[in-house]
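Chemist: Before we start, here is the structure in question, set down as structure tokens.
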Amino acid sequence: MQVPDPKIKKIYLLGSSQVGQLNVTLINEHISTYDPKYAVYNLAYATDSPSKRIAELKYLISSQPTIVFYGISYRDFVSEASNQYPLPNLKEYYDKVFSFNGLVSETINPQLITLETIRTTFNIPTIFPPEKKITNPNTPFFFIPLWMTVITDEPRLKKDAIYCKTIEIGSATNNKELTSLKEMIDELQKNKITVVIFTTPLQRDCLQGFSDSTKENFNTMLKDISSQYGTKIYDYTEKYEDLPIWFDSTHISYNSKSMIFSEDVAKMLFGEINN
């Protein structure tokens with residue numbers, strides 16, 4: 001058991017599965033070159049939304065992170081959030097895990113993990129793969145099934161992107177998700193916790209599926225948050241839209257050829273803690 005270390009500076013990544021796909025081991029390796037006392041935790045979970053995440057706000061605050069990075073996208077402002085996945089046991093996690101120093105294991109090599117995953121994927125002897133998954137250190141609520149390590153071809157991505165046409169965002173007035181996100185930012189800032197927003201990337205066909213009004217309302221909400229709270233917003237929405245790195249139209253594959261997003265997020269974190 002590790003000895004508690006109050007000097008550890010915790011950085012949290014929040015969001016849904018698009019954030020869960022980030023390689024926190026790779027990110028921690030980058031950050032540790034700046035200061036080994038920083039530890040990054042990826043607290044993403046599937047179908048997260050601000051109206052769900054706000055339920056853990058007191059635990060977030062009591063565990064005293066230095067910075068919270070919240071990854072959001074269009075789906076996060078659709079109020080009919082899925083209840084397919086229940087919330088994790090937040091109190092148990094924060095009580096037990098964050099009572100220790102949380103330093104990342106030095107024995108984990110993200111490149112080797114990814115390469116081994118790919119080898120395993122393509123050596124499956126039957127059409128029904130065994131139930132294997134990738135679990136990353138400091139990523140307690142999310143795991144990556146092997147089928148999400150595949151890079152999908154463009155025709156299949158185009159078919160998958162039909163889902164994006166179903167996403168409609170109305171105006172900011174009375175938007176439940178926007179209200180919850182603002183409440184979280186307000187409380188975190190009151191407790192001297194820095195909040196940074198970043199938008200998660202989407203593939204080109206998905207982006208083309210959104211209506212003009214949905215795009216306008218999404219951008220208006222981001223500007224509203226930035227203006228009201230002085231929150232910095234990093235925009236990754238269109239950054240990788242044409243790159244061959246996608247598992248589906250809303251998720252970058254967890255693959256050795258697709259780590260550019262994790263690398264860029266590491267740079268973003270480094271820039272913020274270096275301010």
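Ordering of the structure tokens sets the chain letters (A, B, ...); residue numbers start at 1 within each chain; ligands are numbered from 1 in the order shown.
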Contacts of His251 (chain A) at 10 Å or less, counting only C-alpha atoms, minus same-chain residues fewer than 5 places along, as an mmCIF file with C-alpha atoms, in the first residue's frame?
Modeler:
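Output file part_2.cif follows:
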data_model
loop_
_atom_site.group_PDB
_atom_site.id
_atom_site.type_symbol
_atom_site.label_atom_id
_atom_site.label_comp_id
_atom_site.auth_asym_id
_atom_site.auth_seq_id
_atom_site.Cartn_x
_atom_site.Cartn_y
_atom_site.Cartn_z
ATOM 1 C CA SER A 17 -16.217 7.640 -23.916
ATOM 2 C CA GLN A 18 -14.474 10.053 -26.298
ATOM 3 C CA VAL A 19 -12.343 11.127 -23.328
ATOM 4 C CA GLY A 20 -12.132 7.571 -21.997
ATOM 5 C CA GLN A 21 -10.208 6.599 -25.140
ATOM 6 C CA MET A 148 -12.216 -0.429 -30.477
ATOM 7 C CA THR A 200 -13.532 16.225 -28.417
ATOM 8 C CA PRO A 201 -12.769 15.438 -32.094
ATOM 9 C CA LEU A 202 -15.269 14.240 -34.679
ATOM 10 C CA GLN A 203 -14.812 12.652 -38.085
ATOM 11 C CA ILE A 245 -7.455 7.216 -37.226
ATOM 12 C CA TRP A 246 -11.125 6.563 -36.487
#
Chemist: Can you write out as a Markdown table which residues of region 147-250 of chain A fall within 8 Å of region 53-69 of chain A, alongside each residue's closest atom pair and its distance in Å to one decimal, counting only C-alpha atoms and ordering rows by chain and ascending residue number?
Modeler:
| residue | atom | partner | partner_atom | distance |
| --- | --- | --- | --- | --- |
| A:Ser180 | CA | A:Ile54 | CA | 6.5 |
| A:Leu181 | CA | A:Ile54 | CA | 7.6 |
| A:Met184 | CA | A:Ile54 | CA | 6.4 |
| A:Leu188 | CA | A:Ile61 | CA | 6.7 |
| A:Asn191 | CA | A:Ile61 | CA | 7.2 |
| A:Ile193 | CA | A:Thr66 | CA | 5.7 |
| A:Thr194 | CA | A:Ile67 | CA | 4.7 |
| A:Val195 | CA | A:Val68 | CA | 4.9 |
| A:Val196 | CA | A:Phe69 | CA | 4.8 |
| A:Ile197 | CA | A:Phe69 | CA | 5.7 |
| A:Phe198 | CA | A:Phe69 | CA | 7.1 |
Chemist: Next, the residues of the selection above should be written as a compact mmCIF listing (two decimals), in the first residue's frame with C-alpha atoms.
Modeler:
# COMPACT_ATOMS: atom_id res chain seq x y z
CA SER A 180 -25.33 21.71 -14.99
CA LEU A 181 -21.99 22.45 -16.65
CA MET A 184 -19.95 22.74 -11.88
CA LEU A 188 -15.00 24.40 -8.85
CA ASN A 191 -12.93 26.27 -4.49
CA ILE A 193 -9.85 24.66 -8.86
CA THR A 194 -8.97 25.66 -12.41
CA VAL A 195 -11.39 24.45 -15.08
CA VAL A 196 -10.40 24.04 -18.73
CA ILE A 197 -12.82 22.92 -21.45
CA PHE A 198 -11.77 21.02 -24.56
Chemist: Record the distance separating CA of Tyr34 (chain A) and CA of Met268 (chain A), expressed in Å with one decimal.
Modeler: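 Distance reported for this atom pair: 13.0 Å.
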Chemist: Apply DSSP to the backbone of this structure and, from region 192-274 of chain A, keep only the residues in helix (DSSP H, G or I); write these as JSON, numbers by chain.
Modeler: {"A": [204, 205, 206, 207, 208, 209, 212, 213, 214, 215, 216, 217, 218, 219, 220, 221, 222, 223, 224, 225, 226, 227, 228, 229, 260, 261, 262, 263, 264, 265, 266, 267, 268, 269, 270, 271, 272, 273]}
Chemist: When you look at Glu263 (chain A) with a cut-off of 12 Å (counting only C-alpha atoms), what residues show up, excluding the ones that are within fewer than 6 positions of it in the same chain? I need them as a list in words.
Modeler: Leu22, Asn23, Val24, Thr25, Leu26, Ile27, Asn28, Glu29, His30, Ile31, Pro110, Ser256, Lys257, Leu269 and Phe270 of chain A
Chemist: Which residues are near Asp186 (chain A)? Cut-off 8 Å, only C-alpha atoms, ignore same chain within fewer than 4 positions. Put them as a list in words.
Modeler: Lys182, Lys190 and Tyr229 of chain A
Chemist: Report the distance between CA of Phe143 (chain A) and CA of Leu243 (chain A) in Å, rounded to one decimal place.
Modeler: 23.9 Å
